[in-house]
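Pasted below: run-v5.pdb, PDB, C-alpha atoms, pLDDT in the B column.
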```pdb
ATOM      1  CA  MET I   1       0.000   0.000   0.000  1.00 68.00           C
ATOM      2  CA  LYS I   2       1.157   3.476  -0.837  1.00 89.00           C
ATOM      3  CA  ASN I   3       2.007   6.229   1.605  1.00 95.00           C
ATOM      4  CA  ILE I   4       0.046   9.466   1.506  1.00 96.00           C
ATOM      5  CA  ILE I   5       2.443  12.432   1.524  1.00 96.00           C
ATOM      6  CA  LEU I   6       0.907  15.741   2.572  1.00 96.00           C
ATOM      7  CA  MET I   7       2.464  18.981   1.310  1.00 96.00           C
ATOM      8  CA  GLY I   8       1.452  22.591   1.637  1.00 95.00           C
ATOM      9  CA  MET I   9       2.169  25.948   3.167  1.00 94.00           C
ATOM     10  CA  PRO I  10       2.882  26.397   6.857  1.00 90.00           C
ATOM     11  CA  GLY I  11      -0.487  26.538   8.577  1.00 88.00           C
ATOM     12  CA  ALA I  12      -2.230  24.388   5.946  1.00 91.00           C
ATOM     13  CA  GLY I  13      -2.906  21.709   8.558  1.00 90.00           C
ATOM     14  CA  LYS I  14      -0.588  18.978   7.301  1.00 93.00           C
ATOM     15  CA  SER I  15       0.131  17.589  10.773  1.00 93.00           C
ATOM     16  CA  THR I  16      -3.365  17.998  12.203  1.00 94.00           C
ATOM     17  CA  LEU I  17      -5.073  16.615   9.103  1.00 95.00           C
ATOM     18  CA  GLY I  18      -2.445  13.904   8.817  1.00 96.00           C
ATOM     19  CA  VAL I  19      -3.347  12.497  12.227  1.00 96.00           C
ATOM     20  CA  VAL I  20      -7.100  12.614  11.527  1.00 96.00           C
ATOM     21  CA  LEU I  21      -6.712  11.167   8.022  1.00 95.00           C
ATOM     22  CA  SER I  22      -4.426   8.358   9.213  1.00 96.00           C
ATOM     23  CA  LYS I  23      -7.010   7.265  11.779  1.00 96.00           C
ATOM     24  CA  LYS I  24      -9.799   7.501   9.204  1.00 94.00           C
ATOM     25  CA  ILE I  25      -8.028   5.227   6.705  1.00 94.00           C
ATOM     26  CA  GLY I  26      -6.181   2.950   9.139  1.00 94.00           C
ATOM     27  CA  TYR I  27      -2.666   4.151   8.301  1.00 96.00           C
ATOM     28  CA  GLY I  28       0.253   5.109  10.505  1.00 97.00           C
ATOM     29  CA  PHE I  29       1.341   8.731  10.807  1.00 97.00           C
ATOM     30  CA  ILE I  30       4.770  10.342  10.450  1.00 97.00           C
ATOM     31  CA  ASP I  31       5.473  14.043  10.876  1.00 96.00           C
ATOM     32  CA  SER I  32       8.789  14.691   9.134  1.00 95.00           C
ATOM     33  CA  ASP I  33       9.313  17.939  11.078  1.00 94.00           C
ATOM     34  CA  SER I  34       9.077  15.929  14.307  1.00 95.00           C
ATOM     35  CA  VAL I  35      11.578  13.428  12.926  1.00 96.00           C
ATOM     36  CA  ILE I  36      13.990  16.299  12.195  1.00 95.00           C
ATOM     37  CA  VAL I  37      13.568  17.722  15.713  1.00 95.00           C
ATOM     38  CA  ALA I  38      14.118  14.298  17.303  1.00 95.00           C
ATOM     39  CA  ARG I  39      17.126  13.509  15.131  1.00 94.00           C
ATOM     40  CA  GLU I  40      18.830  16.892  15.517  1.00 94.00           C
ATOM     41  CA  GLY I  41      17.802  17.612  19.116  1.00 95.00           C
ATOM     42  CA  LYS I  42      16.799  21.188  18.286  1.00 94.00           C
ATOM     43  CA  ARG I  43      13.666  23.065  17.318  1.00 93.00           C
ATOM     44  CA  LEU I  44      13.220  23.892  13.630  1.00 92.00           C
ATOM     45  CA  CYS I  45      13.730  27.627  14.195  1.00 90.00           C
ATOM     46  CA  GLU I  46      17.014  26.882  15.992  1.00 92.00           C
ATOM     47  CA  LEU I  47      18.204  24.675  13.142  1.00 93.00           C
ATOM     48  CA  ILE I  48      17.343  27.310  10.532  1.00 91.00           C
ATOM     49  CA  GLU I  49      19.177  29.957  12.543  1.00 90.00           C
ATOM     50  CA  GLU I  50      22.207  27.710  13.083  1.00 94.00           C
ATOM     51  CA  LEU I  51      22.449  26.094   9.631  1.00 94.00           C
ATOM     52  CA  GLY I  52      20.923  28.787   7.434  1.00 91.00           C
ATOM     53  CA  ASN I  53      18.196  28.078   4.929  1.00 92.00           C
ATOM     54  CA  GLU I  54      20.260  25.879   2.624  1.00 93.00           C
ATOM     55  CA  GLY I  55      21.733  23.848   5.469  1.00 94.00           C
ATOM     56  CA  PHE I  56      18.294  23.268   6.945  1.00 94.00           C
ATOM     57  CA  LEU I  57      16.848  22.292   3.547  1.00 93.00           C
ATOM     58  CA  ASN I  58      19.647  19.733   3.180  1.00 95.00           C
ATOM     59  CA  VAL I  59      18.841  18.200   6.583  1.00 95.00           C
ATOM     60  CA  GLU I  60      15.138  18.158   5.728  1.00 94.00           C
ATOM     61  CA  ALA I  61      15.820  16.471   2.377  1.00 95.00           C
ATOM     62  CA  LYS I  62      17.999  13.803   4.033  1.00 95.00           C
ATOM     63  CA  VAL I  63      15.276  13.021   6.559  1.00 94.00           C
ATOM     64  CA  ASN I  64      12.543  12.903   3.913  1.00 93.00           C
ATOM     65  CA  SER I  65      14.637  10.695   1.624  1.00 92.00           C
ATOM     66  CA  ALA I  66      15.384   8.301   4.490  1.00 92.00           C
ATOM     67  CA  ILE I  67      11.774   7.744   5.573  1.00 92.00           C
ATOM     68  CA  CYS I  68      11.118   4.074   4.998  1.00 90.00           C
ATOM     69  CA  ALA I  69       7.464   3.364   5.615  1.00 92.00           C
ATOM     70  CA  SER I  70       4.409   1.715   4.181  1.00 92.00           C
ATOM     71  CA  ARG I  71       0.750   2.566   4.723  1.00 94.00           C
ATOM     72  CA  CYS I  72       1.552   5.856   6.425  1.00 96.00           C
ATOM     73  CA  VAL I  73       0.333   9.397   6.109  1.00 96.00           C
ATOM     74  CA  ILE I  74       3.484  11.511   6.027  1.00 96.00           C
ATOM     75  CA  SER I  75       3.300  15.212   6.824  1.00 96.00           C
ATOM     76  CA  THR I  76       6.220  17.062   5.290  1.00 95.00           C
ATOM     77  CA  GLY I  77       7.516  20.457   6.266  1.00 90.00           C
ATOM     78  CA  GLY I  78       6.321  23.286   4.050  1.00 89.00           C
ATOM     79  CA  SER I  79       9.825  23.816   2.683  1.00 91.00           C
ATOM     80  CA  ALA I  80      10.217  20.186   1.538  1.00 92.00           C
ATOM     81  CA  VAL I  81       9.040  21.396  -1.866  1.00 93.00           C
ATOM     82  CA  TYR I  82      12.448  23.015  -2.418  1.00 93.00           C
ATOM     83  CA  ARG I  83      14.090  19.599  -2.695  1.00 93.00           C
ATOM     84  CA  ALA I  84      12.088  17.865  -5.415  1.00 89.00           C
ATOM     85  CA  ASP I  85      14.581  14.981  -5.525  1.00 91.00           C
ATOM     86  CA  ALA I  86      13.670  14.019  -1.944  1.00 91.00           C
ATOM     87  CA  ILE I  87       9.950  14.300  -2.682  1.00 90.00           C
ATOM     88  CA  ASN I  88      10.346  12.218  -5.829  1.00 89.00           C
ATOM     89  CA  LYS I  89      12.106   9.547  -3.753  1.00 90.00           C
ATOM     90  CA  MET I  90       9.140   9.564  -1.369  1.00 90.00           C
ATOM     91  CA  LYS I  91       6.812   9.241  -4.373  1.00 90.00           C
ATOM     92  CA  GLU I  92       8.396   5.886  -5.230  1.00 91.00           C
ATOM     93  CA  ASN I  93       6.136   4.445  -2.521  1.00 90.00           C
ATOM     94  CA  GLY I  94       3.501   7.114  -2.221  1.00 93.00           C
ATOM     95  CA  ILE I  95       1.316   9.817  -3.626  1.00 94.00           C
ATOM     96  CA  VAL I  96       1.623  13.529  -2.931  1.00 95.00           C
ATOM     97  CA  VAL I  97      -1.428  15.491  -1.868  1.00 96.00           C
ATOM     98  CA  TYR I  98      -1.128  19.270  -1.939  1.00 96.00           C
ATOM     99  CA  LEU I  99      -3.298  20.836   0.756  1.00 96.00           C
ATOM    100  CA  LYS I 100      -4.337  24.061  -0.936  1.00 96.00           C
ATOM    101  CA  LEU I 101      -5.616  27.046   0.986  1.00 94.00           C
ATOM    102  CA  SER I 102      -5.977  30.678   0.042  1.00 93.00           C
ATOM    103  CA  TYR I 103      -3.331  33.170   1.072  1.00 93.00           C
ATOM    104  CA  GLU I 104      -5.865  34.861   3.340  1.00 91.00           C
ATOM    105  CA  GLU I 105      -6.734  31.618   5.145  1.00 89.00           C
ATOM    106  CA  ILE I 106      -3.065  30.727   5.654  1.00 90.00           C
ATOM    107  CA  CYS I 107      -2.379  34.199   7.095  1.00 86.00           C
ATOM    108  CA  ARG I 108      -5.339  33.827   9.450  1.00 85.00           C
ATOM    109  CA  ARG I 109      -3.932  30.545  10.789  1.00 83.00           C
ATOM    110  CA  LEU I 110      -0.260  31.482  11.132  1.00 81.00           C
ATOM    111  CA  GLY I 111       1.497  32.838  14.154  1.00 67.00           C
ATOM    112  CA  ASP I 112       5.043  34.127  14.327  1.00 64.00           C
ATOM    113  CA  LEU I 113       7.024  32.735  11.392  1.00 63.00           C
ATOM    114  CA  LYS I 114      10.361  32.944  13.228  1.00 63.00           C
ATOM    115  CA  THR I 115       9.297  30.753  16.156  1.00 64.00           C
ATOM    116  CA  ARG I 116       7.413  28.431  13.827  1.00 67.00           C
ATOM    117  CA  GLY I 117      10.559  27.465  11.910  1.00 70.00           C
ATOM    118  CA  VAL I 118       9.745  28.679   8.402  1.00 80.00           C
ATOM    119  CA  VAL I 119      12.456  28.881   5.743  1.00 80.00           C
ATOM    120  CA  LEU I 120      12.127  32.448   4.493  1.00 78.00           C
ATOM    121  CA  LYS I 121      14.639  34.029   2.132  1.00 84.00           C
ATOM    122  CA  GLN I 122      16.107  37.329   3.241  1.00 86.00           C
ATOM    123  CA  GLY I 123      13.948  40.203   2.022  1.00 88.00           C
ATOM    124  CA  PHE I 124      10.976  37.915   1.301  1.00 87.00           C
ATOM    125  CA  THR I 125       7.545  38.672   2.671  1.00 88.00           C
ATOM    126  CA  PHE I 126       5.147  35.880   3.465  1.00 88.00           C
ATOM    127  CA  ARG I 127       3.269  36.806   0.276  1.00 92.00           C
ATOM    128  CA  ASP I 128       6.520  36.306  -1.693  1.00 93.00           C
ATOM    129  CA  LEU I 129       6.938  32.901  -0.052  1.00 91.00           C
ATOM    130  CA  PHE I 130       3.359  31.908  -0.866  1.00 94.00           C
ATOM    131  CA  ASP I 131       3.693  33.027  -4.496  1.00 96.00           C
ATOM    132  CA  GLU I 132       6.984  31.134  -4.880  1.00 95.00           C
ATOM    133  CA  ARG I 133       5.851  27.868  -3.299  1.00 94.00           C
ATOM    134  CA  VAL I 134       2.360  27.386  -4.716  1.00 96.00           C
ATOM    135  CA  PRO I 135       3.541  26.552  -8.282  1.00 96.00           C
ATOM    136  CA  LEU I 136       6.119  24.149  -6.819  1.00 95.00           C
ATOM    137  CA  TYR I 137       3.476  22.316  -4.767  1.00 95.00           C
ATOM    138  CA  GLU I 138       1.195  22.131  -7.783  1.00 96.00           C
ATOM    139  CA  ALA I 139       3.979  20.731  -9.978  1.00 95.00           C
ATOM    140  CA  LEU I 140       4.879  17.933  -7.522  1.00 94.00           C
ATOM    141  CA  ALA I 141       1.348  17.014  -6.442  1.00 95.00           C
ATOM    142  CA  ASP I 142      -0.495  13.943  -7.634  1.00 95.00           C
ATOM    143  CA  TYR I 143      -3.653  15.405  -6.090  1.00 95.00           C
ATOM    144  CA  THR I 144      -4.613  18.938  -5.089  1.00 95.00           C
ATOM    145  CA  VAL I 145      -7.318  19.301  -2.462  1.00 94.00           C
ATOM    146  CA  GLU I 146      -8.767  22.741  -1.720  1.00 93.00           C
ATOM    147  CA  LEU I 147      -9.487  23.079   1.987  1.00 91.00           C
ATOM    148  CA  ASP I 148     -10.839  26.607   2.568  1.00 80.00           C
ATOM    149  CA  GLY I 149     -13.925  26.902   4.731  1.00 80.00           C
ATOM    150  CA  ASN I 150     -14.168  23.347   6.079  1.00 83.00           C
ATOM    151  CA  SER I 151     -13.646  21.744   9.474  1.00 89.00           C
ATOM    152  CA  ILE I 152     -10.714  19.406  10.106  1.00 91.00           C
ATOM    153  CA  GLU I 153     -13.017  16.383   9.923  1.00 92.00           C
ATOM    154  CA  GLU I 154     -14.601  17.615   6.677  1.00 92.00           C
ATOM    155  CA  ASN I 155     -11.178  18.228   5.161  1.00 92.00           C
ATOM    156  CA  ALA I 156      -9.914  14.780   6.175  1.00 93.00           C
ATOM    157  CA  GLU I 157     -12.975  13.227   4.542  1.00 92.00           C
ATOM    158  CA  LYS I 158     -12.464  15.391   1.435  1.00 92.00           C
ATOM    159  CA  ILE I 159      -8.870  14.137   1.134  1.00 93.00           C
ATOM    160  CA  ARG I 160      -9.974  10.529   1.700  1.00 91.00           C
ATOM    161  CA  ARG I 161     -12.577  10.782  -1.070  1.00 90.00           C
ATOM    162  CA  GLU I 162     -10.078  12.391  -3.438  1.00 90.00           C
ATOM    163  CA  ILE I 163      -7.475   9.625  -3.006  1.00 89.00           C
ATOM    164  CA  GLU I 164      -9.902   6.730  -2.504  1.00 86.00           C
ATOM    165  CA  CYS I 165      -8.809   4.902  -5.667  1.00 82.00           C
ATOM    166  CA  GLU I 166      -5.195   4.936  -4.402  1.00 80.00           C
ATOM    167  CA  LEU I 167      -6.193   3.267  -1.139  1.00 75.00           C
ATOM    168  CA  THR I 168      -7.515   0.147  -2.873  1.00 69.00           C
ATOM    169  CA  GLU I 169      -4.427  -0.503  -5.002  1.00 59.00           C
TER     170      GLU I 169
END
```
Could you take the file, read its structure, and then write that structure out as structure tokens?
Amino acid sequence: MKNIILMGMPGAGKSTLGVVLSKKIGYGFIDSDSVIVAREGKRLCELIEELGNEGFLNVEAKVNSAICASRCVISTGGSAVYRADAINKMKENGIVVYLKLSYEEICRRLGDLKTRGVVLKQGFTFRDLFDERVPLYEALADYTVELDGNSIEENAEKIRREIECELTE
């Protein structure tokens, strides 16, 4: 059985929806950001500050490439999209679902980007980040699921319905 790999902007609900979806479909759950924190012994924001954006992206790509799982919902960090080679490795045993939300909804959900551990290029606004990442998510996704205006449970069910044919293979 294939893994379900969730991608999207910070605040899209990858981790929260991943847990709910995994229970709904009887899969395990892996949060790749949590794997990074456990492996490195530091919070994401500390790693970004210490390693810089590129160094952090390299660590993230190594972790994502090394995930060896089956029948799991895997929540990636929002910046995983910058290392398509790692995502393509994950796709060898999975499908990528882009959790799409409007810029306004993402902004409503987000707190402080610095403490959250978001890879943000110097001089970039969050709007710049959103505009840069959305086409990358869309290019790598096998499925795009629009989530604006729904509850967590409704969104998990929407994702399940969208990928239903993948779950029976």
- Item | Residue nearest Leu101 in chain I among I:Asn64, I:Thr144, I:Asn53, I:Asn88 (counting all atoms listed in the file) |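 The closest residue to Leu101 in chain I is I:Thr144.
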- Message: Running the PyMOL selection byres ((chain I and resi 24) around 12) on this model by hand, what would come out? Give it as a PyMOL selection string.
- Response: chain I and resi 17-23+25-29+72-73+152-161+164+167
The selected residues should be written to file as a CSV table (one decimal), in the coordinates of the input (atoms: C-alpha atoms).
```csv
chain,number,residue,atom,x,y,z
I,17,LEU,CA,-5.1,16.6,9.1
I,18,GLY,CA,-2.4,13.9,8.8
I,19,VAL,CA,-3.3,12.5,12.2
I,20,VAL,CA,-7.1,12.6,11.5
I,21,LEU,CA,-6.7,11.2,8.0
I,22,SER,CA,-4.4,8.4,9.2
I,23,LYS,CA,-7.0,7.3,11.8
I,25,ILE,CA,-8.0,5.2,6.7
I,26,GLY,CA,-6.2,3.0,9.1
I,27,TYR,CA,-2.7,4.2,8.3
I,28,GLY,CA,0.3,5.1,10.5
I,29,PHE,CA,1.3,8.7,10.8
I,72,CYS,CA,1.6,5.9,6.4
I,73,VAL,CA,0.3,9.4,6.1
I,152,ILE,CA,-10.7,19.4,10.1
I,153,GLU,CA,-13.0,16.4,9.9
I,154,GLU,CA,-14.6,17.6,6.7
I,155,ASN,CA,-11.2,18.2,5.2
I,156,ALA,CA,-9.9,14.8,6.2
I,157,GLU,CA,-13.0,13.2,4.5
I,158,LYS,CA,-12.5,15.4,1.4
I,159,ILE,CA,-8.9,14.1,1.1
I,160,ARG,CA,-10.0,10.5,1.7
I,161,ARG,CA,-12.6,10.8,-1.1
I,164,GLU,CA,-9.9,6.7,-2.5
I,167,LEU,CA,-6.2,3.3,-1.1
```
- Task: Check what the PyMOL selection byres ((chain I and resi 67) around 10) selects in the file above and give those residues as a PyMOL selection string.
- Result: chain I and resi 30+32+35+62-66+68-70+74+86+89-90
Suppose we keep C-alpha atoms; can you now write the selection as an mmCIF file, keeping the file's coordinate frame?
```cif
data_model
loop_
_atom_site.group_PDB
_atom_site.id
_atom_site.type_symbol
_atom_site.label_atom_id
_atom_site.label_comp_id
_atom_site.auth_asym_id
_atom_site.auth_seq_id
_atom_site.Cartn_x
_atom_site.Cartn_y
_atom_site.Cartn_z
ATOM 1 C CA ILE I 30 4.770 10.342 10.450
ATOM 2 C CA SER I 32 8.789 14.691 9.134
ATOM 3 C CA VAL I 35 11.578 13.428 12.926
ATOM 4 C CA LYS I 62 17.999 13.803 4.033
ATOM 5 C CA VAL I 63 15.276 13.021 6.559
ATOM 6 C CA ASN I 64 12.543 12.903 3.913
ATOM 7 C CA SER I 65 14.637 10.695 1.624
ATOM 8 C CA ALA I 66 15.384 8.301 4.490
ATOM 9 C CA CYS I 68 11.118 4.074 4.998
ATOM 10 C CA ALA I 69 7.464 3.364 5.615
ATOM 11 C CA SER I 70 4.409 1.715 4.181
ATOM 12 C CA ILE I 74 3.484 11.511 6.027
ATOM 13 C CA ALA I 86 13.670 14.019 -1.944
ATOM 14 C CA LYS I 89 12.106 9.547 -3.753
ATOM 15 C CA MET I 90 9.140 9.564 -1.369
#
```
- Query: Near Ala139 in chain I, counting all atoms listed in the file, which residues have an atom at most 12 Å away, once you skip same-chain residues fewer than 2 positions from it, shown as a PyMOL selection string?
  - Reply: chain I and resi 7+81-82+84+87-88+96-98+132-137+141-144
Determine the axis-aligned bounding box of all atoms of range 32-43 of chain I present in the file, pad each side by 8 Å, and express its centre and edge lengths in Å to one decimal place as lines of an AutoDock Vina configuration file.
```
center_x = 13.8
center_y = 18.2
center_z = 14.1
size_x = 26.0
size_y = 25.6
size_z = 26.0
```
